[in-house]
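K.L.:
My file is final-v5.txt. It has compact mmCIF, C-alpha atoms:
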# COMPACT_ATOMS: atom_id res chain seq x y z
CA MET A 1 -0.77 -36.15 4.11
CA LEU A 2 2.02 -36.99 1.67
CA SER A 3 -0.50 -37.21 -1.18
CA THR A 4 -1.92 -33.78 -0.22
CA VAL A 5 1.54 -32.27 -0.45
CA LYS A 6 2.21 -33.92 -3.82
CA ASP A 7 -1.12 -32.63 -5.16
CA SER A 8 -0.21 -29.10 -4.05
CA ILE A 9 3.22 -29.35 -5.68
CA HIS A 10 1.68 -30.60 -8.94
CA ASP A 11 -1.44 -28.39 -9.13
CA LEU A 12 0.34 -25.19 -8.13
CA CYS A 13 3.62 -25.93 -9.93
CA LEU A 14 5.59 -25.30 -6.75
CA LEU A 15 8.76 -27.07 -7.90
CA CYS A 16 8.73 -26.09 -11.57
CA GLY A 17 12.29 -25.20 -12.57
CA VAL A 18 13.63 -25.94 -9.07
CA LYS A 19 16.88 -27.87 -8.74
CA THR A 20 17.99 -26.69 -5.31
CA LEU A 21 15.48 -26.29 -2.47
CA ALA A 22 16.10 -24.70 0.93
CA VAL A 23 13.69 -25.79 3.68
CA ALA A 24 13.16 -23.28 6.48
CA VAL A 25 13.36 -25.21 9.75
CA SER A 26 12.52 -23.62 13.09
CA GLY A 27 12.41 -26.91 14.98
CA GLY A 28 8.62 -26.90 15.40
CA ALA A 29 6.35 -29.71 14.25
CA ASP A 30 5.41 -28.00 10.97
CA SER A 31 8.95 -27.38 9.77
CA VAL A 32 10.25 -30.75 10.94
CA ALA A 33 7.45 -32.49 9.01
CA LEU A 34 8.15 -30.34 5.96
CA LEU A 35 11.86 -31.22 5.99
CA SER A 36 11.05 -34.93 6.34
CA ILE A 37 8.56 -34.87 3.46
CA MET A 38 10.81 -32.91 1.08
CA LEU A 39 13.67 -35.32 1.78
CA ARG A 40 11.34 -38.21 0.90
CA LEU A 41 10.31 -36.50 -2.33
CA ARG A 42 13.71 -35.21 -3.50
CA GLY A 43 14.41 -38.26 -5.65
CA GLU A 44 10.98 -38.13 -7.29
CA TYR A 45 11.42 -34.45 -8.20
CA ASP A 46 15.18 -34.62 -8.78
CA ILE A 47 16.02 -31.79 -6.39
CA ASP A 48 18.82 -31.12 -3.93
CA VAL A 49 17.43 -30.30 -0.46
CA PHE A 50 19.14 -28.49 2.41
CA ALA A 51 17.88 -26.89 5.62
CA ALA A 52 18.06 -23.27 6.83
CA HIS A 53 17.54 -21.94 10.35
CA PHE A 54 17.39 -18.37 11.65
CA ASN A 55 17.88 -17.68 15.37
CA HIS A 56 15.84 -14.61 16.38
CA LYS A 57 17.50 -14.48 19.83
CA LEU A 58 14.21 -13.46 21.42
CA ARG A 59 13.87 -16.23 24.01
CA GLY A 60 17.36 -16.44 25.46
CA LYS A 61 18.46 -20.00 26.20
CA GLU A 62 15.32 -21.39 24.58
CA SER A 63 16.33 -19.86 21.23
CA GLU A 64 19.82 -21.34 21.53
CA SER A 65 18.30 -24.69 22.45
CA ASP A 66 16.06 -24.63 19.37
CA MET A 67 19.06 -23.96 17.11
CA LEU A 68 20.98 -26.83 18.72
CA PHE A 69 17.96 -29.11 18.21
CA VAL A 70 17.82 -28.24 14.50
CA LYS A 71 21.56 -28.93 14.13
CA LYS A 72 21.22 -32.37 15.71
CA LEU A 73 18.12 -33.13 13.63
CA CYS A 74 19.94 -32.31 10.41
CA GLU A 75 22.94 -34.39 11.45
CA LYS A 76 20.60 -37.32 12.12
CA LEU A 77 18.85 -36.91 8.75
CA GLY A 78 22.13 -36.34 6.92
CA VAL A 79 21.08 -33.00 5.48
CA ARG A 80 23.17 -29.85 5.09
CA LEU A 81 22.20 -26.93 7.35
CA VAL A 82 22.79 -23.19 6.90
CA CYS A 83 22.30 -21.05 10.03
CA ASP A 84 22.20 -17.35 10.80
CA GLU A 85 21.08 -15.19 13.71
CA GLY A 86 20.11 -11.60 14.46
CA ASP A 87 19.12 -9.32 17.30
CA VAL A 88 15.45 -8.90 16.43
CA ALA A 89 14.65 -6.79 19.50
CA ALA A 90 17.32 -4.23 18.61
CA PHE A 91 16.28 -4.21 14.94
CA ALA A 92 12.65 -3.64 15.91
CA LYS A 93 13.55 -0.72 18.17
CA GLU A 94 15.89 0.87 15.62
CA ASN A 95 13.32 0.66 12.80
CA LYS A 96 10.21 1.31 14.94
CA LEU A 97 8.63 -2.05 14.08
CA SER A 98 6.66 -4.58 16.08
CA THR A 99 8.67 -7.57 17.26
CA GLU A 100 6.71 -9.88 14.95
CA LEU A 101 7.27 -7.74 11.86
CA ALA A 102 10.95 -7.21 12.65
CA ALA A 103 11.45 -10.97 13.08
CA ARG A 104 9.74 -11.68 9.79
CA ARG A 105 11.82 -9.11 7.89
CA MET A 106 15.11 -10.40 9.24
CA ARG A 107 14.13 -14.02 8.71
CA TYR A 108 12.99 -13.51 5.11
CA ASP A 109 16.03 -11.39 4.34
CA PHE A 110 18.20 -14.33 5.38
CA PHE A 111 16.13 -16.84 3.39
CA GLY A 112 16.14 -14.59 0.33
CA LYS A 113 19.94 -14.57 0.21
CA LEU A 114 20.28 -18.37 0.27
CA SER A 115 21.77 -20.04 -2.79
CA ALA A 116 18.60 -21.91 -3.71
CA ASP A 117 16.08 -21.85 -6.55
CA ALA A 118 13.24 -21.90 -4.00
CA VAL A 119 12.72 -21.70 -0.25
CA ALA A 120 10.01 -23.89 1.31
CA THR A 121 8.35 -22.55 4.44
CA ALA A 122 6.08 -24.62 6.67
CA HIS A 123 2.89 -22.54 6.52
CA THR A 124 -0.18 -24.72 6.90
CA ALA A 125 -3.93 -24.54 6.33
CA SER A 126 -4.23 -23.73 10.04
CA ASP A 127 -1.83 -20.79 9.65
CA ASN A 128 -3.81 -19.61 6.64
CA LEU A 129 -7.08 -19.77 8.61
CA GLU A 130 -5.63 -17.66 11.42
CA THR A 131 -4.24 -15.15 8.92
CA VAL A 132 -7.58 -14.78 7.14
CA ILE A 133 -9.45 -14.26 10.43
CA PHE A 134 -6.90 -11.70 11.58
CA ASN A 135 -7.06 -9.85 8.26
CA LEU A 136 -10.86 -9.95 8.30
CA THR A 137 -10.93 -8.20 11.69
CA ARG A 138 -8.65 -5.49 10.27
CA GLY A 139 -10.84 -4.93 7.22
CA SER A 140 -7.98 -5.57 4.82
CA GLY A 141 -10.10 -6.37 1.75
CA ILE A 142 -9.65 -9.14 -0.79
CA ASN A 143 -5.86 -9.28 -0.48
CA GLY A 144 -6.16 -10.13 3.19
CA LEU A 145 -8.85 -12.74 2.54
CA CYS A 146 -6.58 -14.43 -0.02
CA GLY A 147 -4.50 -15.43 2.98
CA ILE A 148 -1.03 -16.92 2.64
CA PRO A 149 -0.11 -17.47 -1.02
CA PRO A 150 1.08 -21.00 -1.87
CA LYS A 151 3.82 -19.40 -3.95
CA ARG A 152 5.33 -15.91 -3.94
CA GLY A 153 8.56 -15.30 -5.76
CA LYS A 154 11.06 -17.93 -4.66
CA PHE A 155 9.04 -18.86 -1.55
CA ILE A 156 6.78 -21.92 -1.71
CA ARG A 157 4.40 -23.47 0.87
CA PRO A 158 3.98 -27.22 0.19
CA LEU A 159 1.99 -27.74 3.44
CA ILE A 160 -0.56 -25.00 2.76
CA PHE A 161 -3.43 -27.49 2.44
CA CYS A 162 -2.40 -29.59 5.48
CA THR A 163 -3.85 -28.92 8.92
CA ARG A 164 -1.84 -28.69 12.11
CA GLU A 165 -3.55 -31.86 13.37
CA GLN A 166 -2.46 -33.77 10.26
CA ILE A 167 1.11 -32.58 10.68
CA GLU A 168 1.32 -33.58 14.33
CA ALA A 169 -0.12 -37.00 13.40
CA TYR A 170 2.56 -37.34 10.69
CA CYS A 171 5.28 -36.58 13.25
CA ARG A 172 3.91 -39.24 15.61
CA GLN A 173 3.65 -41.85 12.86
CA ASN A 174 7.22 -41.20 11.72
CA ASN A 175 8.74 -40.83 15.21
CA LEU A 176 9.79 -37.27 14.55
CA SER A 177 10.58 -35.17 17.62
CA TYR A 178 10.16 -31.40 17.59
CA VAL A 179 10.30 -28.39 19.91
CA THR A 180 7.43 -26.15 21.01
CA ASP A 181 7.92 -22.38 21.06
CA SER A 182 6.79 -21.19 24.51
CA THR A 183 5.38 -17.99 22.99
CA ASN A 184 2.81 -20.11 21.12
CA LEU A 185 1.16 -20.87 24.46
CA SER A 186 0.54 -17.22 25.37
CA ASP A 187 -2.51 -15.19 24.31
CA ASP A 188 -0.44 -12.00 24.36
CA TYR A 189 -0.14 -12.31 20.57
CA SER A 190 -3.18 -11.77 18.33
CA ARG A 191 -2.54 -14.94 16.33
CA ASN A 192 -2.40 -17.08 19.47
CA LEU A 193 -5.64 -15.56 20.76
CA ILE A 194 -7.32 -16.46 17.46
CA ARG A 195 -5.84 -19.97 17.58
CA HIS A 196 -6.87 -20.70 21.15
CA SER A 197 -10.20 -18.88 21.43
CA VAL A 198 -11.72 -18.16 18.02
CA VAL A 199 -10.85 -21.18 15.86
CA PRO A 200 -12.25 -23.82 18.27
CA VAL A 201 -15.65 -22.10 18.25
CA LEU A 202 -15.72 -21.89 14.44
CA LYS A 203 -14.65 -25.53 14.09
CA ARG A 204 -17.65 -26.56 16.16
CA LEU A 205 -19.74 -25.08 13.36
CA ASN A 206 -17.69 -26.80 10.65
CA PRO A 207 -14.89 -29.32 11.40
CA SER A 208 -13.58 -28.83 7.83
CA LEU A 209 -13.05 -25.12 8.46
CA GLU A 210 -9.36 -25.00 7.53
CA ASN A 211 -9.77 -26.77 4.20
CA ASN A 212 -12.83 -24.70 3.27
CA VAL A 213 -11.08 -21.43 4.06
CA SER A 214 -7.95 -22.51 2.15
CA ASN A 215 -10.02 -23.37 -0.93
CA THR A 216 -11.92 -20.07 -0.64
CA SER A 217 -8.66 -18.13 -0.33
CA LEU A 218 -7.31 -19.83 -3.43
CA GLN A 219 -10.44 -19.01 -5.47
CA LEU A 220 -10.34 -15.40 -4.25
CA ALA A 221 -6.70 -15.20 -5.30
CA PHE A 222 -7.64 -16.35 -8.81
CA ASP A 223 -10.36 -13.66 -8.99
CA ARG A 224 -8.03 -11.01 -7.59
CA ASP A 225 -5.31 -11.81 -10.13
CA MET A 226 -7.79 -11.55 -13.00
CA LEU A 227 -9.08 -8.17 -11.76
CA ASP A 228 -5.52 -6.95 -11.21
CA ASN A 229 -4.61 -7.81 -14.81
CA LEU A 230 -7.68 -6.01 -16.16
CA ALA A 231 -6.91 -2.96 -14.02
CA LYS A 232 -3.24 -2.95 -15.07
CA ASN A 233 -4.16 -2.84 -18.77
CA LYS A 234 -6.47 0.15 -18.22
CA TYR A 235 -4.02 1.84 -15.85
CA GLU A 236 -1.23 1.82 -18.43
CA ARG A 237 -3.53 3.54 -20.96
CA MET A 238 -4.67 6.18 -18.43
CA LEU A 239 -1.17 7.11 -17.24
CA THR A 240 0.23 10.40 -18.55
CA LYS A 241 3.51 12.25 -18.08
CA THR A 242 1.97 14.44 -15.39
CA GLY A 243 -0.43 12.07 -13.64
CA LEU A 244 -3.42 9.77 -14.09
CA ARG A 245 -6.29 10.72 -16.40
CA VAL A 246 -9.52 9.93 -14.56
CA ASP A 247 -12.28 11.37 -16.78
CA ASN A 248 -13.77 7.92 -17.44
CA LEU A 249 -12.74 6.22 -14.20
CA THR A 250 -16.25 5.55 -12.91
CA LYS A 251 -17.29 3.53 -15.96
CA TYR A 252 -14.99 0.70 -14.86
CA GLY A 253 -16.79 0.14 -11.55
CA PRO A 254 -15.22 0.16 -8.07
CA ALA A 255 -13.41 -3.19 -8.39
CA ILE A 256 -11.29 -1.93 -11.29
CA SER A 257 -11.20 1.80 -10.55
CA HIS A 258 -9.97 1.32 -6.97
CA ARG A 259 -7.22 -0.98 -8.22
CA ILE A 260 -6.16 1.61 -10.79
CA LEU A 261 -5.84 4.25 -8.07
CA ARG A 262 -3.86 1.92 -5.81
CA MET A 263 -1.47 1.10 -8.67
CA PHE A 264 -0.95 4.80 -9.31
CA CYS A 265 -0.28 5.50 -5.64
CA LEU A 266 2.17 2.59 -5.40
CA ASP A 267 4.09 3.84 -8.44
CA LYS A 268 4.24 7.42 -7.13
CA THR A 269 4.86 6.86 -3.42
CA GLY A 270 5.92 3.24 -2.96
CA GLU A 271 3.03 2.87 -0.49
CA VAL A 272 0.15 0.39 -0.62
CA LEU A 273 -3.00 2.48 -0.22
CA ASP A 274 -5.41 1.27 2.48
CA CYS A 275 -9.20 1.13 2.04
CA PHE A 276 -9.89 4.46 3.76
CA HIS A 277 -7.42 6.44 1.66
CA THR A 278 -8.50 4.61 -1.51
CA ASP A 279 -12.06 5.83 -0.92
CA SER A 280 -10.78 9.38 -0.36
CA LEU A 281 -8.71 9.29 -3.53
CA PHE A 282 -11.67 7.93 -5.51
CA SER A 283 -13.83 10.80 -4.26
CA VAL A 284 -11.23 13.33 -5.44
CA ALA A 285 -10.95 11.56 -8.80
CA VAL A 286 -14.72 11.79 -9.31
CA ASN A 287 -15.62 15.07 -7.62
CA GLY A 288 -12.37 17.04 -7.74
CA GLY A 289 -10.57 18.72 -4.84
CA ARG A 290 -7.74 17.24 -2.83
CA CYS A 291 -7.15 14.67 -0.11
CA SER A 292 -4.37 13.69 2.26
CA MET A 293 -2.86 10.25 1.91
CA GLN A 294 -0.47 8.07 3.86
CA ASN A 295 3.00 9.15 5.00
CA GLY A 296 2.89 12.81 4.03
CA TYR A 297 1.47 12.66 0.51
CA TYR A 298 -1.58 14.36 -0.91
CA ALA A 299 -3.51 14.10 -4.17
CA VAL A 300 -5.27 16.73 -6.25
CA ARG A 301 -7.35 16.60 -9.43
CA GLN A 302 -6.47 19.22 -12.04
CA LYS A 303 -8.23 19.27 -15.43
CA GLY A 304 -9.23 15.63 -15.29
CA ILE A 305 -5.83 14.41 -14.08
CA ILE A 306 -4.98 13.11 -10.61
CA LYS A 307 -1.55 14.21 -9.36
CA ILE A 308 0.22 13.10 -6.20
CA PHE A 309 2.61 15.39 -4.33
CA SER A 310 4.69 15.09 -1.20
CA GLU A 311 3.88 17.44 1.68
CA ASN A 312 7.64 18.04 1.97
CA GLU A 313 8.29 18.61 -1.72
CA LYS A 314 8.74 22.22 -2.72
CA VAL A 315 6.24 23.50 -5.27
CA GLU A 316 6.99 26.61 -7.31
CA TYR A 317 4.51 28.60 -9.39
CA THR A 318 4.71 30.87 -12.38
CA VAL A 319 1.84 33.33 -12.96
CA ASN A 320 0.95 34.86 -16.32
CA PHE A 321 -1.36 37.78 -17.24
CA GLU A 322 -3.31 38.26 -20.44
CA ARG A 323 -5.11 41.59 -20.97
CA LEU A 324 -8.30 40.96 -22.94
CA ASN A 325 -11.45 42.70 -24.10
CA TYR A 326 -14.16 41.26 -21.87
CA ALA A 327 -16.77 41.53 -24.62
CA LEU A 328 -14.63 39.36 -26.88
CA ILE A 329 -14.26 36.76 -24.15
CA LYS A 330 -18.02 36.61 -23.70
CA ASN A 331 -18.54 36.26 -27.44
CA ASN A 332 -15.89 33.64 -28.03
CA GLN A 333 -16.19 31.31 -25.05
CA LYS A 334 -18.52 30.29 -22.27
CA ILE A 335 -17.95 32.22 -19.05
CA ASN A 336 -17.97 29.56 -16.33
CA ASN A 337 -17.19 29.88 -12.65
CA LEU A 338 -13.64 28.61 -13.10
CA LEU A 339 -12.85 31.29 -15.68
CA LEU A 340 -14.70 34.04 -13.83
CA LYS A 341 -12.73 33.55 -10.62
CA ASN A 342 -9.50 34.06 -12.59
CA LEU A 343 -10.52 37.37 -14.23
CA ILE A 344 -9.57 40.75 -12.74
CA ASP A 345 -11.37 43.91 -13.91
CA CYS A 346 -8.65 46.35 -15.04
CA ASP A 347 -10.72 49.39 -13.98
CA LYS A 348 -11.07 48.09 -10.42
CA ILE A 349 -7.35 47.86 -9.76
CA VAL A 350 -6.05 50.47 -7.29
CA GLY A 351 -2.46 51.38 -8.08
CA GLU A 352 -0.26 48.64 -9.53
CA LEU A 353 -0.59 44.85 -9.46
CA ARG A 354 2.17 42.90 -7.76
CA ILE A 355 2.81 39.15 -7.69
CA ARG A 356 4.09 38.01 -4.33
CA ASN A 357 3.67 35.39 -1.65
CA ARG A 358 1.43 35.57 1.40
CA GLU A 359 2.26 38.14 4.06
CA PRO A 360 1.05 38.39 7.69
CA GLY A 361 -2.39 39.97 7.92
CA ASP A 362 -3.35 39.27 4.29
CA LYS A 363 -7.10 38.82 3.83
CA ILE A 364 -9.57 38.51 0.98
CA ARG A 365 -13.31 38.54 0.33
CA LEU A 366 -13.51 35.89 -2.39
CA LEU A 367 -16.06 36.20 -5.18
CA GLY A 368 -19.25 34.41 -4.22
CA ARG A 369 -18.18 33.59 -0.65
CA GLY A 370 -19.94 36.48 1.11
CA CYS A 371 -17.36 36.88 3.85
CA THR A 372 -13.83 38.15 4.39
CA LYS A 373 -11.16 35.73 5.59
CA THR A 374 -7.49 35.94 6.35
CA LEU A 375 -5.35 33.86 4.01
CA LYS A 376 -4.15 31.92 7.04
CA GLY A 377 -7.73 30.99 7.90
CA LEU A 378 -8.54 30.19 4.27
CA PHE A 379 -5.56 27.85 3.99
CA ASN A 380 -6.38 26.18 7.31
CA GLU A 381 -9.98 25.52 6.25
CA ASN A 382 -8.81 23.91 3.02
CA SER A 383 -5.94 21.91 4.56
CA VAL A 384 -3.29 23.52 2.37
CA PRO A 385 0.08 21.93 3.33
CA LEU A 386 2.40 24.25 5.25
CA ILE A 387 5.17 24.01 2.67
CA GLU A 388 2.71 24.99 -0.11
CA ARG A 389 1.35 28.01 1.79
CA GLU A 390 4.69 29.76 1.52
CA SER A 391 4.89 29.32 -2.25
CA LEU A 392 1.28 29.91 -3.39
CA PRO A 393 1.34 33.14 -5.45
CA VAL A 394 -0.83 36.10 -4.46
CA ILE A 395 -1.69 39.14 -6.60
CA SER A 396 -2.26 42.42 -4.78
CA ASP A 397 -2.82 46.09 -5.52
CA ASP A 398 -2.48 49.14 -3.25
CA LEU A 399 -5.58 48.09 -1.25
CA GLY A 400 -4.52 44.52 -0.65
CA VAL A 401 -5.03 41.04 -2.09
CA VAL A 402 -7.08 40.78 -5.29
CA TRP A 403 -6.34 37.16 -6.27
CA VAL A 404 -5.03 33.98 -4.61
CA CYS A 405 -3.75 31.02 -6.61
CA LYS A 406 -6.22 28.07 -6.58
CA PHE A 407 -8.86 30.16 -4.74
CA GLY A 408 -9.63 32.97 -7.13
CA VAL A 409 -10.38 36.68 -7.33
CA ALA A 410 -11.54 39.14 -4.68
CA GLU A 411 -15.13 40.27 -4.99
CA ARG A 412 -14.06 43.93 -5.28
CA ALA A 413 -11.88 43.25 -8.34
CA ALA A 414 -13.98 40.64 -10.12
CA ALA A 415 -15.26 41.07 -13.69
CA SER A 416 -18.90 41.95 -14.19
CA GLU A 417 -21.31 42.73 -17.05
CA ASN A 418 -20.00 46.30 -17.14
CA SER A 419 -16.34 45.33 -17.40
CA LYS A 420 -14.43 46.55 -20.46
CA PHE A 421 -10.95 45.09 -20.12
CA VAL A 422 -9.83 42.26 -17.84
CA TYR A 423 -6.69 40.45 -16.89
CA LYS A 424 -7.02 36.70 -17.43
CA ILE A 425 -4.80 35.01 -14.83
CA GLY A 426 -3.12 31.66 -15.47
CA TYR A 427 -0.52 29.74 -13.53
CA GLU A 428 1.76 26.74 -13.79
CA THR A 429 3.24 24.56 -11.06
CA VAL A 430 6.82 23.37 -11.17
CA LEU A 431 7.45 20.28 -9.05
CA GLY A 432 10.45 17.99 -9.25
CA GLY A 433 11.49 19.49 -12.57
CA ASN A 434 8.08 18.97 -14.21
CA THR A 435 5.76 21.81 -15.18
CA THR A 436 2.00 21.24 -14.91
CA LYS A 437 -0.94 23.52 -15.59
Go ahead and render the structure in this file as structure tokens.
P.N.:
Amino acid sequence: MLSTVKDSIHDLCLLCGVKTLAVAVSGGADSVALLSIMLRLRGEYDIDVFAAHFNHKLRGKESESDMLFVKKLCEKLGVRLVCDEGDVAAFAKENKLSTELAARRMRYDFFGKLSADAVATAHTASDNLETVIFNLTRGSGINGLCGIPPKRGKFIRPLIFCTREQIEAYCRQNNLSYVTDSTNLSDDYSRNLIRHSVVPVLKRLNPSLENNVSNTSLQLAFDRDMLDNLAKNKYERMLTKTGLRVDNLTKYGPAISHRILRMFCLDKTGEVLDCFHTDSLFSVAVNGGRCSMQNGYYAVRQKGIIKIFSENEKVEYTVNFERLNYALIKNNQKINNLLLKNLIDCDKIVGELRIRNREPGDKIRLLGRGCTKTLKGLFNENSVPLIERESLPVISDDLGVVWVCKFGVAERAAASENSKFVYKIGYETVLGGNTTK
């Protein structure tokens, strides 16, 4: 097993530039073996090694016992130990997290603050297998199938190609004692259920399952990184001051185009877009329209550019009129549906035009729709966010609404072949200090 660890360190450059290494030690077989191996290798790699332990305080006396075990182990091995603890249950409740996620966040926050060039954690090929299976059941895509990375930032995993059986054999051969977390014996956790019920069946099909999955994960990670780099180069060229230009998005194929959209979403919202919302955003990018996204954001395509807004972010509009000779418009430019729905026949206006916001009871018979709807019903059908409904401009005359921003003109006021003069309506949105058309 020692040679497997050394190969991983060499091939993946896990200790490049490392002078001080912290080893995360829980007291379990994996972490005890990792500490032992890194102490054996410290002279060969010229590194200073110390241990770190975080007490999650989730198992009462058992947690305290584990911390005491780690202290005695480090005293026996003559290695420095840094300890910390936290109330994971309270943190999980306060931040509305699962116990597992809360424990991981607190643990990694502690490790990240250690005065070390790198932190070694005892993730194994067996852990990677369970992670990949779990991610596969969730449909998490290539990132999930890449499993546990051998290196991420200052965190390294020297045991990532060693199986749990190999590690337990190493502990026996070297007379290393360790503790067993009682929660590992329960199937109440998804990972344990996979470990106890799913993995044994798969290993009957292939005893080398862990190594094969680890190698596959590594190859997928190489492919993913290459695709990410290609997507990043294209993304940077497509990014504009107001959004993401998507006119040529489809020519890159789904592997690149979906990555571009996820990068854009991450930059704008700080959220990693899941597969479902990525598909929705891609549809909007190709076909136009709008879609809701995660955590109160929505995306729209306007003139070939995707823009992302917050449902809670106030949007203001400015509307402008241009009185034109309809004959000149027809002679000078193509009359398409988009232009037609933003033209009001001057002779069909009753009284004066007013720009205002929606009022109770407002209704409109939109050009080409063949039916009259209240603005409330129209906005509901098109999933217009509540905060936007109050700011969307409306143009009305003495008979009622003749135009609604983003929806168009009323049938009764629309331009026709007999029109002489028309108002051409344009609008701009002002969001977060930026004006977009």
K.L.:
List the neighbours of A:Asn337 out to 12 Å using only C-alpha atoms; skip same-chain residues closer than 4 positions along the sequence, and give me the result as an NGL selection string.
P.N.:
:A and (341-343 or 367-368 or 407-409 or 414-415)
K.L.:
Determine, counting all atoms listed in the file, which protein, DNA and RNA residues have an atom within 10 Å of an atom of A:Asp87; residues of the same chain fewer than 4 positions away are not included. Present the result as number ranges by chain.
P.N.:
A: 55-58, 91-92, 102-103, 106
K.L.:
Hey, which of A:Asn175, A:Leu159, A:Gly400, A:Gly289 ends up closest to A:Leu12? Count all atoms listed in the file.
P.N.:
A:Leu159
K.L.:
Under the rule that only C-alpha atoms are counted, which of A:Leu101, A:Leu399, A:Val246, A:Val315 is the nearest residue to A:Ser283?
P.N.:
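Looking only at the distances to A:Ser283, the closest residue turns out to be A:Val246.
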K.L.:
Hey, can you check how far atom CA of A:Val5 sits from atom CA of A:Leu77?
P.N.:
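These two atoms are separated by 20.1 Å.
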K.L.:
One decimal, Å: what's the distance from atom CA of A:Asn174 over to atom CA of A:Lys6, could you say?
P.N.:
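Result for atom CA of A:Asn174 versus atom CA of A:Lys6: 17.9 Å, one decimal.
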K.L.:
Work out how far apart atom CA of A:Lys420 and atom CA of A:Arg358 are and give it in Å to one decimal.
P.N.:
29.2 Å
K.L.:
Pick out the closest residue to A:Ile156 from this set: A:Lys424, A:Arg301, A:Arg323, A:His123. Count only C-alpha atoms.
P.N.:
A:His123
K.L.:
Taking 2 positions as the minimum chain separation for residues in the same chain, which residues sit within 8 Å of A:Asn320 when counting only C-alpha atoms? Answer as a ChimeraX atom specification.
P.N.:
/A:318,322,425-427
K.L.:
Which is closest to A:Glu236 among A:Asn212, A:Leu136, A:Ala413, A:Asp267, if we use only C-alpha atoms?
P.N.:
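Closest residue, counting only C-alpha atoms: A:Asp267.
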